[in-house]
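**Q** Let me begin by handing over the structure; questions about it come next.
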Amino acid sequence: MEEKDNKEVPLVEFLSLKREKEDRKRMPWYYAPSFLLLWLAMFHAIVIPLFNRLPDKVTLSEEPQRPGEFVGERAQMQLFDFDRIGVKYVGSTANEVKTVEFLVNEVEKIRSKMKTDLYDLEVDVQCSKGGYVLSKISLYQGIQNVVVKLSAKSFPSDSYLLLNSHFDSKPSTPGSGDDGTMVVVMLEVLRQMALSKTPFEYPIVFLFNGAEENGLMGSHAFITQHKWAANCKAYINLEVGGSGGRDLLFQSGPKHSWLMKYYRSYAKHPFATTVAEEIFQSGILPSDTDFRIFRDFGKIPGLDIAQAKNGYIYHTIFDSYKNVPGRSIQNTGNNVLSMVQAFSNATELNEIETYKDDGHSVFFDYLGLFFVFYTEEAGIILNSVIGVFGLILVGWSLWTMSQKSLEVSLKQTFLWFSIILVLHVIGVLLCILFPLIMAVAFDAGDRSLTYFTNNWLVFGLYICPAVIGLVIPQTLYYTLRPNKKLSFAYQIQMGLHAHLLVVTLIVFIATALGFRSEYSCLMSMIFYSGALLINLLSKLHNKGYYWTLIVLCLQVFPFCYFCYLFYLLLVIFIPILGRSGSASNPDLIIALVCGCGVLFALGFSAQFINMFRWPKLILLGLGVVTFIFCMLAVSEVGFPYRAKTNVMRISCLHTRRVFYEYDGSVSHEDSGYYFNYQDRRGLSPLKDSVLNFTGLVPVSSFCDDYVMCGVPCFAWCGWRKRDGWLPRESEVVIPGEFNLNFLEKTVLEVNGTVRLHFQLYGAPHMNIFIQPVGSATIKDWSFDRNMIDNPENFDLPYQVYLACGRDRSPLEFYIEMENSNKDYNVPILELAVVGQFITYDYERDAESQRFVSKFPDFVHVTEWPAIYKRYIF
């Protein structure tokens with residue numbers, strides 16, 4: 001025994017010295033910055049150019065040589081004329097008269113040049129009245145749509161393709177991006193289809209709807225009332241969430257995967273992701289599109305496509321012609337024209353129910369180079385098979401390590417791997433936690449949105465802390481408790497295996513919960529498992545650090561995709577956070593996006609930091625970068641807003657309030673400015689301006705006394721308790737008549753209830769807020785019963801909103817109440833009515849104009865006169 005021990009001791013010492021020598025072969029620490037900068041360089045050299053890639057604009061002079069192609073220059077010229085009309089809010093002369101005339105005239109120009117022996121072109125200006133319930137009761141009257149049907153005489157069919165965009169805009173914006181860009185795209189597509197020498201099989205309905213910005217009213221009027229609506233079997237909805245960029249496919253179906261097959265085959269510039277669909281449908285974004293109306297009320301499948309870049313000017317005065325790139329119009333036009341040509345000849349359109357399938361599609365493009373889609377069921381199989389395959393490869397790798405390492409058992413190998421796995425799980429949590437801590441700290445110091453203009457600040461504020469959090473647990477372990485029995489190359493591999501297991505677990509959980517965005521995790525699993533398989537089969541797995549070359553080369557593909565995906569999310573989210581209200585910390589969203597982006601883009605590659613000497617020094621360097629960026633963020637560099645390009649948004653309603661009591665007397669009457677804060681900072685950025693906010697009080701101080709807190713909230717009533725009220729001495733001049741007439745009170749003997757009849761008139765946009773008093777309840781009313789039949793789905797007070805287009809006739813309605821003691825000589829109903837004089841057809845009073853003019857140039861103010869009247873019956 002002594003002789004055996006004496007022989008083994010030198011061998012053990014030899015192996016230990018060999019491992020120490022191997023560890024000393026770690027790359028010098030000063031190569032680490034180059035390693036990290038290499039990934040940053042790939043992001044700028046590959047991802048950014050492909051993300052922003054747009055086709056050249058086709059000009060009028062090139063049209064003869066390029067017949068049948070979308071002509072971007074003509075569409076851009078039409079957009080110039082569209083822009084000159086001005087703000088196109090529902091009820092305005094610009095929207096109801098000038099824009100409708102513009103569209104009809106443009107269609108007639110196309111008719112004058114089309115081949116009448118091949119096609120029929122019909123134009124209908126729809127003027128409708130109706131209503132529906134989403135989060136509130138929405139009513140409309142006199143809403144207009146311009147509807148055009150193009151059909152081939154040789155192919156009569158009762159199945160139509162619908163193409164939709166809206167021509168109305170938000171208050172204060174000409175809407176040249178949202179949605180003028182898509183209006184002119186549709187006009188040029190109509191032109192190309194009408195002049196084509198090759199007839200298509202199914203008629204195409206071009207819906208230019210005139211009330212999307214008013215809660216999707218125009219599309220509802222069409223799909224529920226128009227004579228051609230029942231024949232529409234599928235649709236393409238075109239939207240803009242900013243101005244310019246590529247058009248993103250972000251909703252599809254539902255349950256019609258053939259739509260994705262056509263998109264893959266015919267979209268010339270694919271740009272799509274299931275991640276965007278699931279985020280949008282979760283309700284995180286403060287937006288909605290006509291896709292919802294066609295899906296829920298029309299029960300037809302379709303595609304929802306939108307340009308999403310430069311959301312800073314979305315719904316502002318700067319959404320103008322000069323900020324819409326012609327190449328973006330061309331990009332969208334190429335895609336839409338090609339898809340319309342394909343869908344209008346699709347067999348599926350004639351037998352739509354036959355091609356209906358279960359579930360949703362998983363879809364995404366890879367850097368705009370190609371498009372991938374598969375069914376949800378196929379995704380479940382892929383996730384399971386590749387996940388299990390990856391686990392088998394990890395087991396094979398660990399077994400090989402134990403076989404190639406002397407005096408190391410398989411049990412010990414799995415024990416060490418378990419330790420590294422636990423440490424990596426901690427690293428994953430810190431990767432998300434560190435950026436969130438930064439977000440909380442900046443918000444606590446009233447420094448949220450520092451990256452709003454200088455987006456590059458997120459690199460130091462959130463990305464570097466995420467990298468530190470991801471790597472530091474294993475770095476400390478390798479430094480403080482070095483493993484002398486297992487080669488360091490194997491230990492690094494174990495760290496990568498641990499990340500594969502974490503990603504696989506995420507995929508399994510997400511699949512079980514019904515998410516489809518886990519396809520992105522699948523990409524990580526495929527490329528790392530592929531590298532691991534190559535290394536195992538080629539024996540590189542056991543040859544020092546040679547295996548790293550295969551892993552790093554294959555990691556380029558998921559790295560580029562994840563950078564592409566998470567950059568898209570930042571491009572969408574950062575501008576949105578400037579209009580997402582003051583109730584929540586917006587930095588948490590950006591921190592979460594950055595943390596997840598690091599986790600998936602660098603989850604494998606960041607582990608290689610430990611291959612360099614002194615990895616703690618490298619992490620310290622990243623910490624220094626974070627500190628420098630923090631100092632920049634709290635300086636003027638981090639001031640969020642810039643005039644004309646990255647503006648601060650405020651809604652300011654010049655309001656007159658009148659409070660009537662049960663006996664009809666006026667208990668209080670005043671005037672002031674009602675502020676709806678659009679972002680987290682509220683009015684704090686204006687503290688050094690010339691504006692006088694003396695007397696500003698939170699709206700929450702009125703909420704216990706008055707229905708809807710006594711303010712004329714419009715579309716953002718859920719935020720009202722965080723809004724502000726600034727009294728003014730002079731009375732706000734309301735530029736029109738607005739009245740609620742109490743017509744009669746009828747006691748119904750049959751069921752012991754009382755019916756109150758009213759008439760409301762005067763303003764083009766009106767709100768009614770209804771709240772029972774005491775033990776009284778609402779039993780019936782003249783509106784949709786959904787709210788009173790399902791009170792658990794709606795909050796009090798109940799909201800009714802009426803928008804008037806060309807029809808300004810009074811609204812007559814009743815509310816039927818029941819009091820528990822059947823006594824109707826006491827207050828049973830509190831009712832507030834609001835008149836909104838939004839459009840520029842109504843003049844603002846001089847004092848209101850002076851007040852608004854004092855806002856700094858980095859502020860975009862959405863303003864109009866409003867009157868609030870509270871009654872008790």
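Letters for chains follow the order of the structure tokens (A, B, ...), residue numbers begin at 1 for each chain, and ligand numbers begin at 1 in the order shown.
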Find the residues near Ser671 of chain A: any atom within 7 Å, counting only C-alpha atoms, skip ones fewer than 5 places away on the same chain, and give them as a compact mmCIF listing (two decimals) with C-alpha atoms, in the first residue's frame.
**A**
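Output file around-v8.txt is given in full below:
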# COMPACT_ATOMS: atom_id res chain seq x y z
CA THR A 655 -62.25 73.87 -18.16
CA ARG A 656 -65.36 75.45 -16.78
CA ARG A 657 -67.11 73.48 -14.03
CA PRO A 727 -57.67 77.17 -10.81
CA ARG A 728 -57.83 80.45 -12.68
CA GLU A 731 -64.05 82.27 -16.43
CA VAL A 732 -63.10 80.00 -19.31
**Q** Among segment 94-284 of chain A, which ones does DSSP assign to alpha helix (DSSP H) (computed from the backbone)? Answer as a PyMOL selection string.
**A** chain A and resi 100-113+182-195+217-225+258-266+274-281
**Q** For segment 751-768 of chain A, work out the shell of residues within 9 Å, counting only C-alpha atoms and skipping chain neighbours fewer than 5 positions away, then give it as an MDAnalysis selection string.
**A** chainID A and resid 90:92 712:714 736:746 779:781 798:805 807:819 822 824 831:839 873
**Q** Any chance you could export the current selection's N, CA and C atoms as a compact mmCIF listing (two decimals), in the first residue's frame?
**A**
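What ended up in part06.txt:
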# COMPACT_ATOMS: atom_id res chain seq x y z
N VAL A 90 -62.11 63.98 -35.68
CA VAL A 90 -63.51 63.68 -35.97
C VAL A 90 -64.38 64.89 -35.59
N GLY A 91 -65.26 65.25 -36.50
CA GLY A 91 -66.16 66.37 -36.27
C GLY A 91 -65.66 67.67 -36.86
N SER A 92 -64.38 67.72 -37.25
CA SER A 92 -63.83 68.95 -37.82
C SER A 92 -64.16 69.06 -39.30
N PRO A 712 -63.06 66.89 -16.48
CA PRO A 712 -63.58 66.48 -17.79
C PRO A 712 -62.64 65.51 -18.50
N CYS A 713 -62.28 64.42 -17.84
CA CYS A 713 -61.36 63.48 -18.48
C CYS A 713 -61.99 62.96 -19.77
N PHE A 714 -61.13 62.64 -20.72
CA PHE A 714 -61.60 62.31 -22.05
C PHE A 714 -61.38 60.83 -22.35
N GLY A 736 -69.16 77.29 -27.50
CA GLY A 736 -70.36 76.69 -28.07
C GLY A 736 -71.35 76.37 -26.98
N GLU A 737 -72.54 76.04 -27.39
CA GLU A 737 -73.60 75.72 -26.44
C GLU A 737 -73.48 74.26 -26.02
N PHE A 738 -73.79 73.98 -24.75
CA PHE A 738 -73.76 72.61 -24.25
C PHE A 738 -74.77 72.49 -23.11
N ASN A 739 -75.76 71.60 -23.26
CA ASN A 739 -76.83 71.51 -22.26
C ASN A 739 -77.30 70.08 -22.06
N LEU A 740 -77.68 69.79 -20.84
CA LEU A 740 -78.40 68.57 -20.51
C LEU A 740 -79.80 68.97 -20.07
N ASN A 741 -80.80 68.50 -20.79
CA ASN A 741 -82.20 68.78 -20.44
C ASN A 741 -82.79 67.55 -19.76
N PHE A 742 -83.36 67.77 -18.59
CA PHE A 742 -84.08 66.71 -17.88
C PHE A 742 -85.52 66.74 -18.40
N LEU A 743 -85.90 65.71 -19.17
CA LEU A 743 -87.18 65.73 -19.86
C LEU A 743 -88.34 65.30 -18.97
N GLU A 744 -88.21 64.16 -18.31
CA GLU A 744 -89.31 63.70 -17.46
C GLU A 744 -88.84 62.60 -16.52
N LYS A 745 -89.66 62.39 -15.50
CA LYS A 745 -89.41 61.34 -14.52
C LYS A 745 -90.66 60.48 -14.44
N THR A 746 -90.50 59.20 -14.74
CA THR A 746 -91.65 58.29 -14.80
C THR A 746 -91.46 57.14 -13.83
N LYS A 779 -81.15 49.65 -13.18
CA LYS A 779 -81.84 48.44 -13.66
C LYS A 779 -81.88 48.36 -15.18
N ASP A 780 -81.87 49.50 -15.83
CA ASP A 780 -81.96 49.50 -17.29
C ASP A 780 -81.55 50.88 -17.79
N TRP A 781 -81.20 50.96 -19.05
CA TRP A 781 -80.97 52.26 -19.70
C TRP A 781 -81.09 52.09 -21.20
N TYR A 798 -69.91 54.55 -14.55
CA TYR A 798 -70.00 54.06 -15.92
C TYR A 798 -69.78 55.23 -16.89
N GLN A 799 -69.10 54.93 -17.99
CA GLN A 799 -68.75 55.98 -18.94
C GLN A 799 -69.43 55.76 -20.29
N VAL A 800 -70.00 56.83 -20.80
CA VAL A 800 -70.58 56.82 -22.14
C VAL A 800 -69.93 57.97 -22.91
N TYR A 801 -69.43 57.65 -24.09
CA TYR A 801 -68.77 58.67 -24.91
C TYR A 801 -69.48 58.75 -26.26
N LEU A 802 -69.79 59.98 -26.69
CA LEU A 802 -70.47 60.21 -27.97
C LEU A 802 -69.60 61.10 -28.84
N ALA A 803 -69.31 60.65 -30.06
CA ALA A 803 -68.59 61.45 -31.05
C ALA A 803 -69.52 61.74 -32.21
N CYS A 804 -69.54 62.99 -32.63
CA CYS A 804 -70.40 63.42 -33.73
C CYS A 804 -69.55 63.83 -34.93
N GLY A 805 -69.83 63.24 -36.06
CA GLY A 805 -69.18 63.65 -37.29
C GLY A 805 -69.98 64.72 -37.98
N ASP A 807 -73.29 64.60 -38.14
CA ASP A 807 -74.60 64.62 -37.50
C ASP A 807 -74.46 65.15 -36.07
N ARG A 808 -75.01 66.33 -35.79
CA ARG A 808 -74.93 66.94 -34.45
C ARG A 808 -76.28 66.93 -33.74
N SER A 809 -77.16 66.02 -34.11
CA SER A 809 -78.48 65.99 -33.49
C SER A 809 -78.36 65.59 -32.02
N PRO A 810 -79.30 66.05 -31.16
CA PRO A 810 -79.22 65.76 -29.72
C PRO A 810 -79.30 64.26 -29.43
N LEU A 811 -78.69 63.89 -28.33
CA LEU A 811 -78.76 62.51 -27.85
C LEU A 811 -79.83 62.42 -26.79
N GLU A 812 -80.84 61.60 -27.02
CA GLU A 812 -81.87 61.36 -26.02
C GLU A 812 -81.66 59.98 -25.41
N PHE A 813 -81.73 59.92 -24.08
CA PHE A 813 -81.49 58.65 -23.40
C PHE A 813 -82.27 58.62 -22.09
N TYR A 814 -82.42 57.42 -21.55
CA TYR A 814 -83.06 57.27 -20.25
C TYR A 814 -82.21 56.36 -19.38
N ILE A 815 -82.39 56.51 -18.08
CA ILE A 815 -81.75 55.64 -17.10
C ILE A 815 -82.83 55.21 -16.12
N GLU A 816 -82.99 53.91 -15.97
CA GLU A 816 -84.00 53.37 -15.06
C GLU A 816 -83.33 52.94 -13.76
N MET A 817 -83.81 53.53 -12.64
CA MET A 817 -83.21 53.32 -11.33
C MET A 817 -84.16 52.59 -10.38
N GLU A 818 -83.58 51.89 -9.45
CA GLU A 818 -84.36 51.27 -8.38
C GLU A 818 -83.71 51.58 -7.04
N ASN A 819 -84.54 52.12 -6.13
CA ASN A 819 -84.07 52.37 -4.77
C ASN A 819 -84.58 51.26 -3.86
N LYS A 822 -87.81 52.05 -2.32
CA LYS A 822 -88.79 52.54 -3.30
C LYS A 822 -89.11 54.03 -3.12
N TYR A 824 -88.41 57.62 -4.20
CA TYR A 824 -87.77 58.32 -5.32
C TYR A 824 -87.85 59.84 -5.16
N LEU A 831 -74.94 62.39 -11.90
CA LEU A 831 -74.69 62.37 -13.33
C LEU A 831 -73.78 63.55 -13.68
N ALA A 832 -72.70 63.27 -14.38
CA ALA A 832 -71.84 64.34 -14.88
C ALA A 832 -71.81 64.26 -16.40
N VAL A 833 -71.93 65.39 -17.05
CA VAL A 833 -71.84 65.45 -18.50
C VAL A 833 -70.72 66.42 -18.86
N VAL A 834 -70.01 66.09 -19.90
CA VAL A 834 -68.85 66.88 -20.32
C VAL A 834 -68.97 67.19 -21.81
N GLY A 835 -68.78 68.43 -22.14
CA GLY A 835 -68.71 68.85 -23.54
C GLY A 835 -67.27 69.14 -23.91
N GLN A 836 -66.78 68.49 -24.94
CA GLN A 836 -65.39 68.65 -25.39
C GLN A 836 -65.40 69.38 -26.74
N PHE A 837 -64.81 70.57 -26.78
CA PHE A 837 -64.75 71.36 -28.02
C PHE A 837 -63.32 71.27 -28.55
N ILE A 838 -63.02 70.13 -29.13
CA ILE A 838 -61.64 69.74 -29.41
C ILE A 838 -61.07 70.37 -30.67
N THR A 839 -61.83 70.41 -31.73
CA THR A 839 -61.27 70.77 -33.03
C THR A 839 -60.97 72.26 -33.11
N PHE A 873 -79.90 63.67 -9.25
CA PHE A 873 -81.33 63.44 -9.47
C PHE A 873 -81.86 62.42 -8.46
**Q** Hey, what's within 12 Å of Lys136 of chain A if we count only C-alpha atoms and toss same-chain stuff fewer than 5 positions away? As number ranges by chain, please?
**A** A: 131, 215, 714-718, 767-770, 783-788, 791, 793-802
**Q** In Å to one decimal, how far is atom CA of Val184 of chain A from atom CA of Arg66 of chain A?
**A**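 Taking atom CA of Arg66 of chain A and atom CA of Val184 of chain A, their separation equals 19.4 Å.
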**Q** Find the nearest atom pair between each residue of segment 548-645 of chain A and segment 442-452 of chain A for residues within 10 Å, count only C-alpha atoms, give distances in Å to one decimal, sort rows by chain and ascending number, and present the table as a tab-separated table.
**A**
residue	atom	partner	partner_atom	distance
A:Ile574	CA	A:Phe452	CA	6.3
A:Pro575	CA	A:Phe452	CA	7.0
A:Ile576	CA	A:Phe452	CA	9.8
A:Leu577	CA	A:Leu449	CA	7.9
A:Gly578	CA	A:Phe452	CA	7.7
A:Ser584	CA	A:Asp443	CA	9.8
A:Asn585	CA	A:Asp443	CA	6.7
A:Pro586	CA	A:Leu449	CA	7.2
A:Asp587	CA	A:Ser448	CA	6.2
A:Leu588	CA	A:Asp443	CA	9.1
A:Ile590	CA	A:Leu449	CA	9.4
A:Cys630	CA	A:Phe442	CA	9.1
A:Leu632	CA	A:Thr450	CA	9.2
A:Ala633	CA	A:Thr450	CA	5.8
A:Val634	CA	A:Arg447	CA	6.9
A:Ser635	CA	A:Thr450	CA	9.3
A:Glu636	CA	A:Thr450	CA	9.3
A:Val637	CA	A:Thr450	CA	7.9
A:Gly638	CA	A:Thr450	CA	4.3
A:Phe639	CA	A:Thr450	CA	5.8
A:Pro640	CA	A:Phe452	CA	5.0
A:Tyr641	CA	A:Phe452	CA	7.0
A:Arg642	CA	A:Phe452	CA	9.4
**Q** With N, CA, C and O atoms retained, write the just-selected residues as a PDB file, in the first residue's frame.
**A**
ATOM      1  N   ILE A 574     -39.360  52.984 -25.783  1.00  0.00           N
ATOM      2  CA  ILE A 574     -38.830  54.236 -25.232  1.00  0.00           C
ATOM      3  C   ILE A 574     -39.728  55.421 -25.567  1.00  0.00           C
ATOM      4  O   ILE A 574     -40.099  56.190 -24.669  1.00  0.00           O
ATOM      5  N   PRO A 575     -40.140  55.637 -26.825  1.00  0.00           N
ATOM      6  CA  PRO A 575     -41.059  56.754 -27.086  1.00  0.00           C
ATOM      7  C   PRO A 575     -42.408  56.596 -26.395  1.00  0.00           C
ATOM      8  O   PRO A 575     -42.997  57.580 -25.936  1.00  0.00           O
ATOM      9  N   ILE A 576     -42.899  55.364 -26.304  1.00  0.00           N
ATOM     10  CA  ILE A 576     -44.199  55.129 -25.672  1.00  0.00           C
ATOM     11  C   ILE A 576     -44.182  55.546 -24.204  1.00  0.00           C
ATOM     12  O   ILE A 576     -45.178  56.049 -23.676  1.00  0.00           O
ATOM     13  N   LEU A 577     -43.038  55.378 -23.554  1.00  0.00           N
ATOM     14  CA  LEU A 577     -42.964  55.694 -22.133  1.00  0.00           C
ATOM     15  C   LEU A 577     -43.094  57.189 -21.868  1.00  0.00           C
ATOM     16  O   LEU A 577     -43.324  57.597 -20.727  1.00  0.00           O
ATOM     17  N   GLY A 578     -42.989  57.997 -22.909  1.00  0.00           N
ATOM     18  CA  GLY A 578     -43.235  59.420 -22.764  1.00  0.00           C
ATOM     19  C   GLY A 578     -44.705  59.770 -22.827  1.00  0.00           C
ATOM     20  O   GLY A 578     -45.066  60.952 -22.702  1.00  0.00           O
ATOM     21  N   SER A 584     -46.861  54.707 -13.069  1.00  0.00           N
ATOM     22  CA  SER A 584     -45.857  53.669 -12.861  1.00  0.00           C
ATOM     23  C   SER A 584     -44.495  54.147 -13.330  1.00  0.00           C
ATOM     24  O   SER A 584     -44.391  55.083 -14.132  1.00  0.00           O
ATOM     25  N   ASN A 585     -43.468  53.487 -12.852  1.00  0.00           N
ATOM     26  CA  ASN A 585     -42.090  53.834 -13.192  1.00  0.00           C
ATOM     27  C   ASN A 585     -41.738  53.265 -14.562  1.00  0.00           C
ATOM     28  O   ASN A 585     -41.588  52.051 -14.709  1.00  0.00           O
ATOM     29  N   PRO A 586     -41.560  54.109 -15.591  1.00  0.00           N
ATOM     30  CA  PRO A 586     -41.281  53.589 -16.935  1.00  0.00           C
ATOM     31  C   PRO A 586     -39.905  52.954 -17.045  1.00  0.00           C
ATOM     32  O   PRO A 586     -39.679  52.080 -17.893  1.00  0.00           O
ATOM     33  N   ASP A 587     -38.974  53.385 -16.184  1.00  0.00           N
ATOM     34  CA  ASP A 587     -37.622  52.834 -16.256  1.00  0.00           C
ATOM     35  C   ASP A 587     -37.599  51.337 -15.973  1.00  0.00           C
ATOM     36  O   ASP A 587     -36.700  50.628 -16.424  1.00  0.00           O
ATOM     37  N   LEU A 588     -38.584  50.859 -15.223  1.00  0.00           N
ATOM     38  CA  LEU A 588     -38.630  49.424 -14.938  1.00  0.00           C
ATOM     39  C   LEU A 588     -38.793  48.621 -16.225  1.00  0.00           C
ATOM     40  O   LEU A 588     -38.215  47.531 -16.361  1.00  0.00           O
ATOM     41  N   ILE A 590     -37.788  49.521 -19.324  1.00  0.00           N
ATOM     42  CA  ILE A 590     -36.538  49.550 -20.078  1.00  0.00           C
ATOM     43  C   ILE A 590     -35.485  48.687 -19.395  1.00  0.00           C
ATOM     44  O   ILE A 590     -34.721  47.965 -20.054  1.00  0.00           O
ATOM     45  N   CYS A 630     -23.991  56.945 -15.125  1.00  0.00           N
ATOM     46  CA  CYS A 630     -24.895  57.501 -14.107  1.00  0.00           C
ATOM     47  C   CYS A 630     -24.647  58.996 -13.930  1.00  0.00           C
ATOM     48  O   CYS A 630     -25.590  59.788 -13.797  1.00  0.00           O
ATOM     49  N   LEU A 632     -23.458  61.003 -16.170  1.00  0.00           N
ATOM     50  CA  LEU A 632     -23.993  61.662 -17.369  1.00  0.00           C
ATOM     51  C   LEU A 632     -25.516  61.768 -17.293  1.00  0.00           C
ATOM     52  O   LEU A 632     -26.099  62.782 -17.678  1.00  0.00           O
ATOM     53  N   ALA A 633     -26.149  60.712 -16.769  1.00  0.00           N
ATOM     54  CA  ALA A 633     -27.612  60.685 -16.728  1.00  0.00           C
ATOM     55  C   ALA A 633     -28.177  61.744 -15.792  1.00  0.00           C
ATOM     56  O   ALA A 633     -29.273  62.264 -16.034  1.00  0.00           O
ATOM     57  N   VAL A 634     -27.465  62.053 -14.710  1.00  0.00           N
ATOM     58  CA  VAL A 634     -27.980  63.051 -13.777  1.00  0.00           C
ATOM     59  C   VAL A 634     -27.542  64.465 -14.159  1.00  0.00           C
ATOM     60  O   VAL A 634     -27.912  65.429 -13.499  1.00  0.00           O
ATOM     61  N   SER A 635     -26.762  64.581 -15.228  1.00  0.00           N
ATOM     62  CA  SER A 635     -26.379  65.895 -15.741  1.00  0.00           C
ATOM     63  C   SER A 635     -27.389  66.346 -16.783  1.00  0.00           C
ATOM     64  O   SER A 635     -28.427  65.705 -16.991  1.00  0.00           O
ATOM     65  N   GLU A 636     -27.081  67.425 -17.483  1.00  0.00           N
ATOM     66  CA  GLU A 636     -27.969  67.915 -18.540  1.00  0.00           C
ATOM     67  C   GLU A 636     -28.121  66.914 -19.678  1.00  0.00           C
ATOM     68  O   GLU A 636     -29.106  66.934 -20.407  1.00  0.00           O
ATOM     69  N   VAL A 637     -27.115  66.036 -19.829  1.00  0.00           N
ATOM     70  CA  VAL A 637     -27.203  65.002 -20.866  1.00  0.00           C
ATOM     71  C   VAL A 637     -28.444  64.142 -20.659  1.00  0.00           C
ATOM     72  O   VAL A 637     -29.070  63.676 -21.627  1.00  0.00           O
ATOM     73  N   GLY A 638     -28.806  63.923 -19.398  1.00  0.00           N
ATOM     74  CA  GLY A 638     -29.943  63.064 -19.084  1.00  0.00           C
ATOM     75  C   GLY A 638     -31.278  63.771 -19.039  1.00  0.00           C
ATOM     76  O   GLY A 638     -32.292  63.131 -18.708  1.00  0.00           O
ATOM     77  N   PHE A 639     -31.312  65.073 -19.375  1.00  0.00           N
ATOM     78  CA  PHE A 639     -32.629  65.732 -19.445  1.00  0.00           C
ATOM     79  C   PHE A 639     -33.403  65.107 -20.602  1.00  0.00           C
ATOM     80  O   PHE A 639     -32.922  65.069 -21.733  1.00  0.00           O
ATOM     81  N   PRO A 640     -34.602  64.605 -20.361  1.00  0.00           N
ATOM     82  CA  PRO A 640     -35.252  63.738 -21.353  1.00  0.00           C
ATOM     83  C   PRO A 640     -35.651  64.398 -22.669  1.00  0.00           C
ATOM     84  O   PRO A 640     -35.655  63.742 -23.707  1.00  0.00           O
ATOM     85  N   TYR A 641     -36.001  65.685 -22.640  1.00  0.00           N
ATOM     86  CA  TYR A 641     -36.765  66.245 -23.755  1.00  0.00           C
ATOM     87  C   TYR A 641     -35.934  67.159 -24.646  1.00  0.00           C
ATOM     88  O   TYR A 641     -34.995  67.819 -24.190  1.00  0.00           O
ATOM     89  N   ARG A 642     -36.315  67.189 -25.921  1.00  0.00           N
ATOM     90  CA  ARG A 642     -35.719  68.091 -26.887  1.00  0.00           C
ATOM     91  C   ARG A 642     -36.838  68.658 -27.755  1.00  0.00           C
ATOM     92  O   ARG A 642     -37.779  67.936 -28.132  1.00  0.00           O
TER      93      ARG A 642
END
**Q** Residues within 7 Å of segment 171-177 of chain A, please, as a list in words. Count only C-alpha atoms; anything in the same chain fewer than 3 positions from it doesn't count.
**A**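 Using only C-alpha atoms, the neighbours found are Leu79, Asp83, Gly86, Val87, Lys88, Tyr89, Gly180, Thr181, Val240, Gly242, Ser243, His315, Thr316, Ile317, Asp319, Ser320, Tyr321, Val324, Ile838, Thr839 and Thr862 of chain A.
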